[in-house]
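**Student:** If it helps, the file is called input-v7.tsv and holds TSV, C-alpha atoms:
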```tsv
chain	number	residue	atom	x	y	z
Q	1	MET	CA	-6.80	-17.78	-8.76
Q	2	PRO	CA	-9.21	-16.65	-6.01
Q	3	ASN	CA	-12.49	-15.14	-7.18
Q	4	ASN	CA	-13.65	-11.79	-5.79
Q	5	THR	CA	-15.66	-13.36	-2.93
Q	6	GLN	CA	-12.73	-15.54	-1.90
Q	7	LYS	CA	-10.39	-12.54	-2.02
Q	8	GLN	CA	-12.72	-10.54	0.22
Q	9	THR	CA	-12.96	-13.51	2.61
Q	10	LEU	CA	-9.17	-13.64	2.83
Q	11	LEU	CA	-8.95	-9.88	3.42
Q	12	ASP	CA	-11.57	-10.11	6.20
Q	13	ALA	CA	-9.56	-12.94	7.79
Q	14	VAL	CA	-6.42	-10.74	7.62
Q	15	THR	CA	-8.24	-7.99	9.53
Q	16	ALA	CA	-9.48	-10.44	12.18
Q	17	ILE	CA	-6.01	-11.94	12.73
Q	18	ARG	CA	-4.42	-8.48	12.91
Q	19	SER	CA	-6.96	-7.46	15.56
Q	20	ALA	CA	-6.04	-10.56	17.58
Q	21	GLU	CA	-2.34	-9.68	17.22
Q	22	GLN	CA	-2.89	-6.14	18.49
Q	23	LEU	CA	-4.63	-7.42	21.62
Q	24	LEU	CA	-1.89	-9.99	22.15
Q	25	MET	CA	0.68	-7.18	22.01
Q	26	GLN	CA	-1.33	-5.29	24.62
Q	27	ALA	CA	-1.09	-8.36	26.84
Q	28	SER	CA	2.66	-8.55	26.20
Q	29	ARG	CA	3.18	-4.92	27.19
Q	30	ALA	CA	1.17	-5.48	30.37
Q	31	THR	CA	3.71	-7.92	31.86
Q	32	SER	CA	7.45	-8.25	32.43
Q	33	ASP	CA	7.37	-11.92	33.37
Q	34	PRO	CA	9.84	-13.70	31.03
Q	35	GLY	CA	7.87	-16.95	30.95
Q	36	THR	CA	4.60	-15.27	30.01
Q	37	LEU	CA	6.34	-13.03	27.48
Q	38	THR	CA	7.97	-16.04	25.82
Q	39	LYS	CA	4.63	-17.82	25.53
Q	40	ILE	CA	2.97	-14.68	24.13
Q	41	SER	CA	5.82	-14.32	21.62
Q	42	ILE	CA	5.31	-17.91	20.44
Q	43	GLU	CA	1.56	-17.32	20.03
Q	44	TYR	CA	2.24	-14.05	18.19
Q	45	ASN	CA	4.61	-15.86	15.80
Q	46	GLN	CA	1.83	-18.31	14.93
Q	47	LEU	CA	-0.62	-15.51	14.19
Q	48	ASP	CA	1.91	-13.51	12.15
Q	49	SER	CA	2.86	-16.56	10.06
Q	50	PHE	CA	-0.84	-17.23	9.43
Q	51	LEU	CA	-1.39	-13.61	8.44
Q	52	SER	CA	1.52	-13.78	5.96
Q	53	GLN	CA	0.00	-16.93	4.45
Q	54	LEU	CA	-3.35	-15.15	4.07
Q	55	LEU	CA	-1.67	-12.22	2.33
Q	56	GLN	CA	0.19	-14.58	0.01
Q	57	ALA	CA	-2.98	-16.51	-0.80
Q	58	GLN	CA	-4.89	-13.37	-1.81
Q	59	ALA	CA	-2.06	-12.45	-4.21
Q	60	ILE	CA	-1.89	-15.85	-5.96
Q	61	ALA	CA	-2.44	-15.71	-9.71
Q	62	ASP	CA	-3.15	-19.33	-10.68
Q	63	ASP	CA	-5.84	-21.81	-9.66
Q	64	ALA	CA	-3.55	-24.72	-8.75
Q	65	SER	CA	-1.43	-22.64	-6.36
Q	66	PHE	CA	-4.55	-21.16	-4.80
Q	67	VAL	CA	-5.99	-24.63	-4.11
Q	68	LEU	CA	-2.70	-25.61	-2.42
Q	69	ALA	CA	-2.61	-22.37	-0.41
Q	70	THR	CA	-6.17	-22.71	0.88
Q	71	ALA	CA	-5.54	-26.36	1.80
Q	72	ALA	CA	-2.49	-25.25	3.80
Q	73	LEU	CA	-4.53	-22.53	5.51
Q	74	LYS	CA	-7.21	-25.02	6.49
Q	75	ARG	CA	-4.59	-27.42	7.87
Q	76	GLN	CA	-3.12	-24.60	9.93
Q	77	ALA	CA	-6.58	-23.78	11.27
Q	78	THR	CA	-6.28	-26.84	13.54
Q	79	THR	CA	-3.09	-25.40	15.06
Q	80	LEU	CA	-4.81	-22.05	15.59
Q	81	GLN	CA	-7.68	-23.78	17.39
Q	82	ALA	CA	-5.12	-25.23	19.81
Q	83	ASP	CA	-3.61	-21.74	20.16
Q	84	GLU	CA	-6.99	-20.43	21.26
Q	85	ASN	CA	-6.84	-22.68	24.32
Q	86	ASP	CA	-3.23	-21.68	25.07
Q	87	ILE	CA	-4.09	-17.98	24.83
Q	88	LYS	CA	-6.83	-18.40	27.43
Q	89	LYS	CA	-4.19	-19.78	29.82
Q	90	ILE	CA	-1.44	-17.26	28.98
Q	91	VAL	CA	-3.29	-13.94	28.87
Q	92	ALA	CA	-4.10	-12.90	32.43
Q	93	ASP	CA	-6.95	-10.55	31.59
Q	94	VAL	CA	-9.98	-12.76	30.89
Q	95	ASN	CA	-11.77	-10.17	28.74
Q	96	THR	CA	-8.73	-9.58	26.53
Q	97	ALA	CA	-8.19	-13.32	26.18
Q	98	ALA	CA	-11.84	-13.78	25.18
Q	99	GLN	CA	-11.57	-10.99	22.59
Q	100	ILE	CA	-8.41	-12.51	21.09
Q	101	VAL	CA	-10.05	-15.92	20.88
Q	102	GLY	CA	-13.12	-14.27	19.33
Q	103	TYR	CA	-11.06	-12.76	16.53
Q	104	ILE	CA	-9.25	-16.04	15.86
Q	105	THR	CA	-12.58	-17.92	15.79
Q	106	GLN	CA	-13.87	-15.32	13.32
Q	107	ALA	CA	-10.82	-15.85	11.07
Q	108	LEU	CA	-11.18	-19.62	11.23
Q	109	ALA	CA	-14.85	-19.41	10.27
Q	110	LEU	CA	-13.88	-17.30	7.26
Q	111	ILE	CA	-11.15	-19.74	6.20
Q	112	ALA	CA	-13.65	-22.61	6.42
Q	113	GLN	CA	-15.74	-20.84	3.74
Q	114	LEU	CA	-12.90	-20.98	1.17
V	115	MET	CA	-15.92	55.87	-37.40
V	116	VAL	CA	-12.19	55.39	-36.96
V	117	SER	CA	-12.65	55.27	-33.20
V	118	PHE	CA	-15.38	52.58	-33.66
V	119	TRP	CA	-13.03	50.25	-35.59
V	120	ARG	CA	-10.24	51.00	-33.13
V	121	GLY	CA	-12.61	49.87	-30.35
V	122	VAL	CA	-13.47	46.69	-32.23
V	123	LEU	CA	-9.74	45.99	-32.75
V	124	PHE	CA	-8.97	46.48	-29.04
V	125	ALA	CA	-11.90	44.25	-28.14
V	126	LEU	CA	-10.66	41.49	-30.48
V	127	VAL	CA	-7.10	41.72	-29.13
V	128	GLY	CA	-8.47	41.65	-25.58
V	129	VAL	CA	-10.59	38.55	-26.20
V	130	SER	CA	-7.66	36.86	-27.94
V	131	LEU	CA	-5.28	37.56	-25.03
V	132	ALA	CA	-7.86	36.42	-22.50
V	133	GLY	CA	-8.17	33.16	-24.43
V	134	CYS	CA	-4.40	32.69	-24.35
V	135	ALA	CA	-4.32	33.43	-20.62
V	136	GLY	CA	-7.06	30.83	-20.03
V	137	LEU	CA	-5.20	28.31	-22.15
V	138	THR	CA	-1.95	28.98	-20.31
V	139	GLN	CA	-3.69	28.60	-16.97
V	140	ILE	CA	-5.18	25.25	-17.96
V	141	GLU	CA	-1.87	24.11	-19.41
V	142	ASP	CA	-0.10	25.04	-16.17
V	143	THR	CA	-2.77	23.35	-14.08
V	144	ILE	CA	-2.67	20.11	-16.07
V	145	THR	CA	1.13	20.16	-15.84
V	146	LYS	CA	0.73	20.39	-12.04
V	147	TYR	CA	-1.77	17.52	-12.21
V	148	ASP	CA	0.88	15.50	-14.03
V	149	GLN	CA	3.51	16.36	-11.40
V	150	GLY	CA	1.09	15.49	-8.58
V	151	ALA	CA	0.31	12.11	-10.16
V	152	HIS	CA	4.06	11.37	-10.43
V	153	SER	CA	4.63	12.28	-6.75
V	154	VAL	CA	1.78	10.04	-5.60
V	155	SER	CA	3.13	7.24	-7.80
V	156	ALA	CA	6.63	7.54	-6.28
V	157	ALA	CA	5.19	7.46	-2.74
V	158	GLU	CA	3.04	4.44	-3.56
V	159	MET	CA	6.00	2.49	-4.94
V	160	ASN	CA	8.05	3.31	-1.85
V	161	PHE	CA	5.18	2.03	0.27
V	162	PHE	CA	5.23	-1.29	-1.59
V	163	LYS	CA	9.01	-1.54	-1.18
V	164	SER	CA	8.66	-0.83	2.53
V	165	VAL	CA	6.44	-3.93	2.81
V	166	GLN	CA	9.42	-6.00	1.68
V	167	THR	CA	11.88	-4.06	3.84
V	168	VAL	CA	9.91	-4.64	7.05
V	169	ASP	CA	9.35	-8.28	6.13
V	170	CYS	CA	13.09	-8.86	5.65
V	171	THR	CA	14.05	-6.84	8.75
V	172	SER	CA	11.65	-8.92	10.83
V	173	GLN	CA	13.03	-12.14	9.35
V	174	PHE	CA	16.59	-11.10	10.19
V	175	TYR	CA	15.88	-10.20	13.84
V	176	LEU	CA	13.76	-13.29	14.47
V	177	GLN	CA	16.34	-15.58	12.90
V	178	ALA	CA	19.14	-13.89	14.86
V	179	ILE	CA	17.18	-14.19	18.12
V	180	GLY	CA	16.38	-17.81	17.28
V	181	TRP	CA	20.06	-18.60	16.65
V	182	ALA	CA	21.06	-16.92	19.92
V	183	ASN	CA	18.40	-18.96	21.74
V	184	GLY	CA	19.42	-22.18	20.04
V	185	THR	CA	16.17	-22.68	18.10
V	186	GLU	CA	17.85	-21.82	14.75
V	187	HIS	CA	20.83	-23.90	13.62
V	188	ASN	CA	22.68	-21.12	11.77
V	189	PHE	CA	22.89	-17.35	11.50
V	190	TYR	CA	22.80	-15.06	8.45
V	191	ILE	CA	24.07	-11.50	8.44
V	192	ASN	CA	24.13	-10.77	4.69
V	193	GLY	CA	20.54	-9.45	4.58
V	194	ILE	CA	19.38	-11.93	1.92
V	195	CYS	CA	15.74	-12.88	2.47
V	196	THR	CA	12.74	-14.41	0.78
V	197	PRO	CA	9.82	-11.96	1.06
V	198	THR	CA	6.73	-13.57	2.57
V	199	ILE	CA	4.17	-10.85	1.78
V	200	LEU	CA	5.08	-9.14	-1.49
V	201	THR	CA	7.54	-10.65	-3.98
V	202	ASP	CA	9.62	-8.74	-6.55
V	203	ASP	CA	7.30	-9.91	-9.35
V	204	GLN	CA	4.26	-8.70	-7.43
V	205	ILE	CA	5.92	-5.31	-6.97
V	206	LYS	CA	6.54	-5.16	-10.74
V	207	THR	CA	2.82	-5.73	-11.38
V	208	ARG	CA	1.96	-2.85	-9.05
V	209	GLN	CA	4.60	-0.67	-10.71
V	210	ALA	CA	2.67	-1.21	-13.96
V	211	LEU	CA	-0.51	0.04	-12.29
V	212	MET	CA	1.25	3.21	-11.17
V	213	ASP	CA	2.84	3.61	-14.62
V	214	ALA	CA	-0.65	3.50	-16.15
V	215	ILE	CA	-1.70	6.45	-13.97
V	216	THR	CA	1.43	8.53	-14.64
V	217	LEU	CA	1.39	7.80	-18.37
V	218	TYR	CA	-2.23	8.93	-18.44
V	219	ALA	CA	-1.29	12.16	-16.62
V	220	ASP	CA	1.62	12.67	-19.06
V	221	LYS	CA	-0.77	12.24	-21.98
V	222	MET	CA	-3.20	14.75	-20.46
V	223	ALA	CA	-0.34	17.24	-20.10
V	224	ALA	CA	0.57	16.64	-23.76
V	225	LEU	CA	-3.06	17.21	-24.82
V	226	ALA	CA	-3.24	20.44	-22.81
V	227	SER	CA	0.05	21.79	-24.13
V	228	ARG	CA	0.31	24.34	-26.94
V	229	ASP	CA	2.79	22.09	-28.74
V	230	ASP	CA	1.62	20.72	-32.06
V	231	SER	CA	2.58	17.17	-31.12
V	232	LYS	CA	0.15	15.53	-28.69
V	233	THR	CA	1.95	12.20	-28.59
V	234	LEU	CA	4.29	11.01	-25.85
V	235	ASP	CA	7.96	10.24	-26.46
V	236	THR	CA	9.08	6.83	-27.75
V	237	ASN	CA	9.99	5.47	-24.30
V	238	SER	CA	6.60	6.36	-22.86
V	239	GLN	CA	4.81	4.83	-25.83
V	240	LYS	CA	6.88	1.66	-25.43
V	241	LEU	CA	6.01	1.53	-21.71
V	242	ALA	CA	2.31	1.99	-22.52
V	243	SER	CA	2.50	-0.85	-25.06
V	244	ASN	CA	4.16	-3.13	-22.49
V	245	ILE	CA	1.47	-2.41	-19.89
V	246	ASN	CA	-1.22	-2.98	-22.49
V	247	ASN	CA	0.33	-6.38	-23.34
V	248	MET	CA	0.65	-7.30	-19.65
V	249	ALA	CA	-3.09	-6.72	-19.20
V	250	LYS	CA	-3.97	-8.72	-22.31
V	251	GLN	CA	-1.82	-11.60	-21.02
V	252	HIS	CA	-3.71	-11.46	-17.68
V	253	GLN	CA	-0.61	-10.54	-15.67
V	254	PHE	CA	-2.80	-8.54	-13.27
V	255	SER	CA	-4.90	-11.58	-12.40
V	256	ALA	CA	-3.77	-11.68	-8.76
V	257	LEU	CA	-5.09	-8.21	-8.00
V	258	PRO	CA	-8.48	-7.60	-6.39
V	259	VAL	CA	-11.22	-7.42	-9.11
V	260	ALA	CA	-8.64	-8.59	-11.63
V	261	ALA	CA	-10.85	-8.60	-14.74
V	262	ASP	CA	-11.93	-4.99	-14.14
V	263	VAL	CA	-8.32	-3.94	-13.53
V	264	GLU	CA	-7.17	-5.56	-16.77
V	265	ALA	CA	-9.93	-3.85	-18.75
V	266	ALA	CA	-9.04	-0.53	-17.08
V	267	ILE	CA	-5.33	-0.88	-17.86
V	268	ILE	CA	-6.11	-1.71	-21.49
V	269	GLY	CA	-8.43	1.32	-21.66
V	270	ILE	CA	-5.89	3.71	-20.15
V	271	SER	CA	-2.91	2.46	-22.19
V	272	ASP	CA	-5.01	2.57	-25.40
V	273	MET	CA	-5.81	6.20	-24.60
V	274	VAL	CA	-2.14	6.98	-23.96
V	275	LEU	CA	-1.19	5.48	-27.34
V	276	ASP	CA	-4.13	7.05	-29.19
V	277	GLN	CA	-3.35	9.81	-31.68
V	278	LYS	CA	-6.81	10.65	-33.00
V	279	LYS	CA	-9.75	9.87	-30.74
V	280	PHE	CA	-8.64	11.88	-27.72
V	281	ALA	CA	-7.83	15.40	-28.82
V	282	GLU	CA	-9.72	17.26	-26.14
V	283	ILE	CA	-8.82	17.04	-22.45
V	284	LYS	CA	-12.34	17.21	-21.02
V	285	LYS	CA	-13.53	14.30	-23.13
V	286	ALA	CA	-10.37	12.32	-22.37
V	287	ALA	CA	-10.77	12.90	-18.62
V	288	ARG	CA	-14.46	11.99	-18.76
V	289	ASP	CA	-13.87	8.79	-20.75
V	290	MET	CA	-10.97	7.64	-18.56
V	291	GLN	CA	-12.56	8.40	-15.16
V	292	PRO	CA	-14.12	4.89	-14.67
V	293	ASP	CA	-10.84	3.15	-15.60
V	294	LEU	CA	-8.81	5.40	-13.31
V	295	GLN	CA	-11.29	4.74	-10.54
V	296	THR	CA	-10.88	0.97	-10.91
V	297	VAL	CA	-7.09	1.20	-10.70
V	298	VAL	CA	-7.19	3.62	-7.75
V	299	MET	CA	-9.69	1.52	-5.78
V	300	THR	CA	-7.55	-1.59	-6.30
V	301	LEU	CA	-4.47	0.20	-4.99
V	302	GLN	CA	-6.38	1.61	-2.01
V	303	LYS	CA	-7.70	-1.78	-1.00
V	304	GLU	CA	-4.22	-3.27	-1.16
V	305	ASN	CA	-2.64	-0.40	0.78
V	306	ILE	CA	-4.87	-1.12	3.77
V	307	ILE	CA	-4.07	-4.83	3.65
V	308	PHE	CA	-0.32	-4.38	3.22
V	309	ALA	CA	-0.31	-1.86	6.08
V	310	GLN	CA	-1.66	-4.61	8.31
V	311	GLY	CA	1.14	-6.87	7.11
V	312	ILE	CA	3.77	-4.21	7.90
V	313	ALA	CA	2.37	-3.53	11.38
V	314	SER	CA	2.22	-7.26	12.08
V	315	LYS	CA	5.92	-7.66	11.29
V	316	ILE	CA	6.97	-4.68	13.44
V	317	ASP	CA	4.97	-5.94	16.41
V	318	ARG	CA	6.46	-9.40	15.91
V	319	ILE	CA	9.92	-7.93	16.56
V	320	GLU	CA	8.68	-6.26	19.75
V	321	ALA	CA	6.99	-9.49	20.87
V	322	ALA	CA	10.32	-11.31	20.39
V	323	LEU	CA	12.45	-8.63	22.10
V	324	ARG	CA	10.36	-8.29	25.27
V	325	PRO	CA	11.02	-11.82	26.67
V	326	LEU	CA	14.75	-11.45	25.88
V	327	VAL	CA	15.07	-8.26	27.90
V	328	ALA	CA	12.90	-9.64	30.74
V	329	ALA	CA	14.97	-12.84	30.89
V	330	GLU	CA	18.20	-10.85	31.10
V	331	LYS	CA	16.72	-8.87	33.98
V	332	GLN	CA	15.77	-12.11	35.76
V	333	ARG	CA	19.35	-13.31	35.42
V	334	GLY	CA	20.56	-9.96	36.78
V	335	MET	CA	22.37	-9.25	33.52
V	336	VAL	CA	20.26	-6.47	32.05
V	337	SER	CA	21.62	-2.95	31.83
V	338	PHE	CA	20.10	0.36	30.81
V	339	LEU	CA	22.04	0.01	27.56
V	340	ASP	CA	20.22	-3.25	26.72
V	341	LEU	CA	16.92	-1.38	26.90
V	342	LEU	CA	18.32	1.37	24.71
V	343	GLU	CA	19.41	-1.19	22.13
V	344	ALA	CA	16.01	-2.92	22.17
V	345	ARG	CA	14.34	0.45	21.70
V	346	ARG	CA	16.70	1.32	18.83
V	347	ILE	CA	15.88	-1.94	17.08
V	348	LEU	CA	12.15	-1.23	17.31
V	349	GLN	CA	12.61	2.33	16.06
V	350	SER	CA	14.56	1.12	13.05
V	351	ALA	CA	11.94	-1.52	12.27
V	352	ASN	CA	9.17	0.99	11.49
V	353	PRO	CA	9.97	2.35	8.02
V	354	PHE	CA	7.70	5.36	8.47
V	355	SER	CA	8.97	6.76	11.73
V	356	THR	CA	11.89	7.01	14.11
V	357	THR	CA	9.60	5.92	16.94
V	358	SER	CA	7.82	2.65	17.62
V	359	LEU	CA	4.21	1.97	16.60
V	360	ALA	CA	2.96	2.36	20.17
V	361	ALA	CA	4.80	5.68	20.64
V	362	ASP	CA	3.70	7.34	17.40
V	363	PRO	CA	0.24	6.17	16.23
V	364	ASP	CA	0.25	8.78	13.44
V	365	LYS	CA	3.09	6.87	11.82
V	366	ASP	CA	1.28	3.58	12.20
V	367	PRO	CA	1.37	1.90	8.75
V	368	GLN	CA	-2.44	1.95	8.73
V	369	ASN	CA	-2.44	5.76	8.99
V	370	VAL	CA	0.28	6.00	6.36
V	371	ALA	CA	-1.87	3.85	4.07
V	372	LEU	CA	-4.88	6.12	4.69
V	373	GLN	CA	-2.74	9.16	3.82
V	374	LEU	CA	-1.67	7.48	0.57
V	375	ASN	CA	-5.28	6.57	-0.19
V	376	LYS	CA	-6.32	10.21	0.20
V	377	ALA	CA	-3.60	11.20	-2.27
V	378	LEU	CA	-4.94	8.61	-4.72
V	379	ASP	CA	-8.45	10.01	-4.18
V	380	ALA	CA	-7.06	13.45	-5.02
V	381	VAL	CA	-5.75	12.13	-8.38
V	382	LEU	CA	-9.24	10.84	-9.10
V	383	ASN	CA	-11.01	14.02	-7.92
V	384	ALA	CA	-8.72	16.24	-9.97
V	385	ASN	CA	-9.46	14.15	-13.06
V	386	LYS	CA	-13.18	14.42	-12.35
V	387	ALA	CA	-12.82	18.20	-12.10
V	388	ILE	CA	-10.90	18.30	-15.40
V	389	ALA	CA	-13.79	16.34	-16.96
V	390	SER	CA	-16.63	18.46	-15.68
V	391	ALA	CA	-15.68	21.55	-13.68
V	392	GLY	CA	-14.81	25.08	-14.75
V	393	THR	CA	-11.25	26.43	-14.64
V	394	GLY	CA	-11.63	27.47	-10.98
V	395	GLY	CA	-12.83	24.02	-9.93
V	396	ILE	CA	-10.01	22.33	-11.80
V	397	ILE	CA	-7.39	24.58	-10.17
V	398	ALA	CA	-8.85	23.92	-6.69
V	399	SER	CA	-8.83	20.14	-7.23
V	400	VAL	CA	-5.31	20.14	-8.62
V	401	ASN	CA	-4.11	22.29	-5.68
V	402	ASP	CA	-5.62	19.71	-3.33
V	403	LEU	CA	-3.76	16.99	-5.25
V	404	ILE	CA	-0.50	18.92	-4.89
V	405	ALA	CA	-1.08	19.25	-1.12
V	406	ARG	CA	-1.85	15.53	-0.82
V	407	ALA	CA	1.15	14.69	-2.98
V	408	GLN	CA	3.36	16.76	-0.65
V	409	ALA	CA	2.00	14.77	2.30
V	410	ALA	CA	2.80	11.61	0.35
V	411	GLN	CA	6.30	12.97	-0.26
V	412	SER	CA	6.76	13.28	3.50
V	413	ILE	CA	6.20	9.51	3.67
V	414	GLN	CA	9.06	9.10	1.24
V	415	THR	CA	11.25	11.36	3.34
V	416	ALA	CA	10.48	9.21	6.38
V	417	LEU	CA	11.33	6.10	4.37
V	418	ASN	CA	14.71	7.55	3.46
V	419	LYS	CA	15.61	8.27	7.10
```
Could you rewrite the structure in this file as structure tokens?

**Tutor:**
Amino acid sequence: MPNNTQKQTLLDAVTAIRSAEQLLMQASRATSDPGTLTKISIEYNQLDSFLSQLLQAQAIADDASFVLATAALKRQATTLQADENDIKKIVADVNTAAQIVGYITQALALIAQL
Amino acid sequence: MVSFWRGVLFALVGVSLAGCAGLTQIEDTITKYDQGAHSVSAAEMNFFKSVQTVDCTSQFYLQAIGWANGTEHNFYINGICTPTILTDDQIKTRQALMDAITLYADKMAALASRDDSKTLDTNSQKLASNINNMAKQHQFSALPVAADVEAAIIGISDMVLDQKKFAEIKKAARDMQPDLQTVVMTLQKENIIFAQGIASKIDRIEAALRPLVAAEKQRGMVSFLDLLEARRILQSANPFSTTSLAADPDKDPQNVALQLNKALDAVLNANKAIASAGTGGIIASVNDLIARAQAAQSIQTALNK
């Protein structure tokens, strides 16, 4: 079971990932190119799945399950790091891309503390 | 001399009636407090259920899109899903939190009533005992500040079951304020987080629909009706509104969560007023609760669209 500090860390990571998602949606709405939209959709799926895992982890009631959940989150962090590079290539607006990457980096740093 | 005693008699009758009027007013006000707490509880439970609804709706659309695109090997149209954010058991735990608040409000109404019996009916007492046992068995351990929540639930359910210690509403409200505050703060924190989960799922559907429509256009196969259908899907995905998140920010889950949190604050503020304010202050706080509860009811109406 996560302690109060770990729970707060997870909740902060949720907020960071959600902020990244919102910016990614802005980027999606800014284009009608099918290829770019498909790539954005794939990146969004990754972030949404990660966010769901964070929400599940903060609601876990036993220690063993929490250890497994945090291990899975840390493993997925590697995938998200790769996504950061993809997002820089997909999102046309450099500032928006940098902001999205910033939020993901923030979430990853929080996960590393668990 | 006779007129003197007549005056005294009138004065005594007057004071007595004024006392009854005050008592009736407080009884009515606490009854409204009870009703307000029940309305907020119903809205909160609907909010939790909407987390599951959006989750499952999102899963269905994404799986259906995946099957159509060839990335999923089968399709499912029966609506069965495994919730990824909030499970049925987790909803039951949160139902117990809301039950603790409504049972407390019921008990306050019983204490304020002119009836001789100040105890709740058998079903309510049984429910209070169950919640008490859940807390003692650490079934609230997954909630934020779990130990505090468990202690608060035990405190509130003990008060609900009590037949001697809490005979006076001001003392009861004063003693229970910290426990109520713990439960309310836990719910508020979760509302904000779950709202982010809901919004994430709705946007995920939009993110998946946009490339589909754009690809159809590229193939020269898109029609106005395709856009209408995509728009209808997005509208139906947001449980709080008939418009999409981008079109109606007021019905963004985050705003809905804030509205619910204000209603929960009103439950707390009204209890604080019962504990320490005069009759006027109590009435004002309870009226605010009723207004907030009505706003919370509008969320329910939106959910039943």

**Student:** Compile the residues of chain Q that lie within 10 Å of chain V, evaluated using all atoms listed in the file, and express the compilation as a PyMOL selection string.

**Tutor:** chain Q and resi 1-5+7-8+11-12+14-15+17-19+21-22+24-26+28-29+31-45+47-49+51-62

**Student:** Work out how far atom CA of Q:Ala72 is from atom CA of Q:Ala16, in Å to one decimal.

**Tutor:**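 Atom CA of Q:Ala72 lies at a distance of 18.4 Å from atom CA of Q:Ala16.
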
**Student:** So what do you get for atom CA of V:Lys163 versus atom CA of V:Arg345, distance-wise?

**Tutor:**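 Distance between the two atoms: 23.6 Å.
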
**Student:** Quick one, how far is atom CA of V:Lys285 from atom CA of V:Glu264?

**Tutor:**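 Distance between the two atoms: 21.8 Å.
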
**Student:** (-11.0, -16.5, 16.6) in this file's frame - what residues fall within 9 Å of it? Use all atoms listed in the file and give the answer as a list in words.

**Tutor:** Ala16, Ile17, Ala20, Leu80, Gln81, Glu84, Gln99, Ile100, Val101, Gly102, Tyr103, Ile104, Thr105, Gln106, Ala107, Leu108 and Ala109 of chain Q

**Student:** For V:Ile194, which residue out of V:Asn369, V:Thr171, V:Asn237, V:Asn247 is the nearest one, using only C-alpha atoms?

**Tutor:**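 Closest residue, counting only C-alpha atoms: V:Thr171.
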
**Student:** Can you work out which one of Q:Ala64, Q:Ala13, Q:Leu23, Q:Leu114 has the shortest atom-to-atom distance to Q:Thr96, counting all atoms listed in the file?

**Tutor:**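 The answer is Q:Leu23, which sits nearest to Q:Thr96.
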
**Student:** Which residues are near V:Gln177? Cut-off 7 Å, all atoms listed in the file, ignore same chain within fewer than 4 positions. Put them as a PDB file with C-alpha atoms, keeping the file's coordinate frame.

**Tutor:**
```
ATOM      1  CA  GLN V 173      13.030 -12.140   9.350  1.00  0.00           C
ATOM      2  CA  TRP V 181      20.060 -18.600  16.650  1.00  0.00           C
ATOM      3  CA  GLU V 186      17.850 -21.820  14.750  1.00  0.00           C
ATOM      4  CA  PHE V 189      22.890 -17.350  11.500  1.00  0.00           C
TER       5      PHE V 189
END
```

**Student:** Rebuild stretch 95-106 of chain Q to N, CA and C atoms - output it as a tab-separated table (two decimals), in the frame of the given file, please.

**Tutor:**
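selection_25.tsv written:
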```tsv
chain	number	residue	atom	x	y	z
Q	95	ASN	N	-11.05	-10.84	29.83
Q	95	ASN	CA	-11.77	-10.17	28.74
Q	95	ASN	C	-10.91	-10.07	27.47
Q	96	THR	N	-9.64	-9.68	27.70
Q	96	THR	CA	-8.73	-9.58	26.53
Q	96	THR	C	-8.56	-10.95	25.88
Q	97	ALA	N	-8.36	-11.96	26.71
Q	97	ALA	CA	-8.19	-13.32	26.18
Q	97	ALA	C	-9.42	-13.73	25.35
Q	98	ALA	N	-10.60	-13.41	25.89
Q	98	ALA	CA	-11.84	-13.78	25.18
Q	98	ALA	C	-11.94	-13.04	23.84
Q	99	GLN	N	-11.53	-11.77	23.85
Q	99	GLN	CA	-11.57	-10.99	22.59
Q	99	GLN	C	-10.60	-11.57	21.56
Q	100	ILE	N	-9.40	-11.93	22.02
Q	100	ILE	CA	-8.41	-12.51	21.09
Q	100	ILE	C	-8.96	-13.80	20.48
Q	101	VAL	N	-9.48	-14.65	21.34
Q	101	VAL	CA	-10.05	-15.92	20.88
Q	101	VAL	C	-11.20	-15.66	19.91
Q	102	GLY	N	-12.00	-14.63	20.21
Q	102	GLY	CA	-13.12	-14.27	19.33
Q	102	GLY	C	-12.65	-13.93	17.92
Q	103	TYR	N	-11.59	-13.14	17.85
Q	103	TYR	CA	-11.06	-12.76	16.53
Q	103	TYR	C	-10.50	-13.98	15.77
Q	104	ILE	N	-9.81	-14.84	16.52
Q	104	ILE	CA	-9.25	-16.04	15.86
Q	104	ILE	C	-10.38	-16.94	15.35
Q	105	THR	N	-11.41	-17.09	16.19
Q	105	THR	CA	-12.58	-17.92	15.79
Q	105	THR	C	-13.21	-17.35	14.52
Q	106	GLN	N	-13.30	-16.01	14.50
Q	106	GLN	CA	-13.87	-15.32	13.32
Q	106	GLN	C	-13.04	-15.64	12.07
```
